[in-house]
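**Q** Got a structure for you, questions after.
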Amino acid sequence: MINKWWSRFPDHAQPGLLSRLRDRNSDTNVFSALWELYLHEMLLGSGCSVEVEQRTGTRGNRPDFLVTRDDEQFIVEAIWKVEKLSDAGSNALPPQLTDAIDRLPSPNFFVSCKLHSAGSTTPPQKRLKAELTNWLASLDPDQVIADYERKVPLPKHTWQEAGWCLTFEAIPRSPGKRGDPSSRTIGIYPSAWMVEDGSERVLDAVRKKGGKYGDLELPFIVAVGHAAVFPEDEDIESALYGRTVEYAYAGGSTFGRLSDGYWTAADNHGHSRVSGVLTVDNPAPWTWTKNTPVLWQSPNLNSLPAPVLSIWATAQLAEVQIERQPALGPVHAALGLPELWPTGDAFPQRHQHSRE
């Protein structure tokens with residue numbers, strides 16, 4: 001599939017992309033190349049024609065994609081941003097394992113996760129997910145709460161395989177927060193993970209790309225591949241529209257936003273050039289069909305309106321609140337992938353044939 005997507009890049013852009021895909025010394029190079037492959041294929045699958053690295057703008061630089069859809073054109077510039085972890089060492093879980101645990105159906109419990117030892121390869125997720133699902137389903141949240149009030153420790157489950165050893169602790173959700181199987185499962189993560197501010201990471205990415213090309217005279221979208229342990233929409237809201245704040249007074253309180261977002265800061269000269277910011281949380285081959293792209297639209301009246309593809313959800317600032325619209329179509333259709341992607345077992349067993 002990756003070879004097929006790569007073959008659709010123009011000849012002049014293939015060598016550089018291939019070099020990054022094969023870079024064994026830099027995960028950032030590999031994932032940034034995969035991010036560009038994903039974007040290119042998504043645009044093609046949405047009925048757009050795409051020119052790669054065409055000289056555009058008043059500074060003569062070459063943005064990633066010049067996109068044409070029907071009678072309109074726009075620019076998409078890709079950037080890959082990774083959450084920096086300090087002192088992670090052997091306590092770091094691979095992103096695909098974090099994603100697998102966090103997607104477990106657990107309507108009644110959060111889990112905390114403690115890593116005791118890490119194997120040299122990613123463990124089989126299918127067995128881990130099945131074991132955790134059965135364990136959580138066997139627990140009664142009300143009984144766990146009653147036991148905890150009598151000083152009984154929270155239920156724990158230790159899982160070991162292929163050199164990995166993790167202990168999970170079940171934390172009952174409050175009664176009003178139960179019943180949603182799609183809600184996040186991991187509630188407390190190993191304390192060894194020290195993460196940077198997600199809003200600063202997104203803000204830095206948009207600042208870096210937003211002023212790179214000068215005046216483009218076309219709608220300009222910065223596409224941020226956002227790799228994070230716990231990606232939060234609130235971080236993106238704060239980065240682009242400003243942090244929320246509550247103003248208290250004698251008769252009550254009101255909510256507002258600080259003027260510290262990319263589009264709302266007092267010193268945002270030139271930021272109107274960015275029409276929108278497209279984000280996908282943890283884009284990778286195993287999440288390409290699961291995570292919906294979101295186009296965050298500029299509230300600046302001087303910005304050129306960003307075109308919206310049917311597979312993109314949208315978010316825009318309306319006074320203090322964020323108004324959202326869901327995507328009209330599934331992203332997997334534009335990518336040419338089945339909805340339940342990837343198919344097959346993640347770690348298929350190798351069968352040994354006996355010699356006669």
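The way I read the labels, and the way they are meant: chains A, B, ... in the order of the structure tokens, residue 1 as the first residue of every chain, and ligand 1 as the first ligand shown, with later ones counted on from there.
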Excluding Pro10 in chain A and residues on its chain fewer than 3 positions from it, collect all residues at most 12 Å away from it, counting only C-alpha atoms, and give them as a PDB file with C-alpha atoms, in the first residue's frame.
**A**
ATOM      1  CA  TRP A   5       0.933   5.634  -2.614  1.00  0.00           C
ATOM      2  CA  TRP A   6       4.576   6.501  -3.206  1.00  0.00           C
ATOM      3  CA  SER A   7       4.246   5.634  -6.914  1.00  0.00           C
ATOM      4  CA  ALA A  13       9.607  14.219  -5.529  1.00  0.00           C
ATOM      5  CA  GLN A  14       9.996  10.450  -5.184  1.00  0.00           C
ATOM      6  CA  PRO A  15      13.742  10.202  -4.359  1.00  0.00           C
ATOM      7  CA  GLY A  16      13.620  12.563  -1.382  1.00  0.00           C
ATOM      8  CA  LEU A  17      10.472  10.935  -0.022  1.00  0.00           C
ATOM      9  CA  LEU A  37       1.998  10.248   1.792  1.00  0.00           C
ATOM     10  CA  HIS A  40      -1.295  13.361  -0.777  1.00  0.00           C
ATOM     11  CA  SER A  49      -5.353  17.204  -8.432  1.00  0.00           C
ATOM     12  CA  VAL A  50      -2.099  17.816  -6.582  1.00  0.00           C
ATOM     13  CA  GLU A  51       1.168  19.422  -7.655  1.00  0.00           C
ATOM     14  CA  VAL A  52       4.121  18.773  -5.377  1.00  0.00           C
ATOM     15  CA  GLU A  53       6.737  21.398  -4.435  1.00  0.00           C
ATOM     16  CA  GLN A  54       5.758  23.999  -7.006  1.00  0.00           C
ATOM     17  CA  PHE A  65       1.086  20.707  -2.185  1.00  0.00           C
TER      18      PHE A  65
END
**Q** Residues at most 6 Å from range 223-236 of chain A, counting only C-alpha atoms, excluding those fewer than 2 positions away in the same chain, as a list in words?
**A**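 Once the adjacent positions are removed, what remains is Glu77, Ala78, Ile79, Trp80, Lys81, Val82, Glu83, Gly198, Ser199, Ser238, Ala239, Val277, Leu278, Thr279, Val280, Asp281 and Asn282 of chain A.
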**Q** When you count only C-alpha atoms, which of these residues is closest to Glu36 in chain A: A:Ala284, A:Val245, A:Leu295, A:Ala306?
**A**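 Among the listed residues, the smallest separation from Glu36 in chain A belongs to A:Ala284.
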**Q** Give me, please, the distance in Å between CA of Arg257 in chain A and CA of Ala327 in chain A, quoted to one decimal.
**A**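 Computing it gives 26.4 Å between the two atoms.
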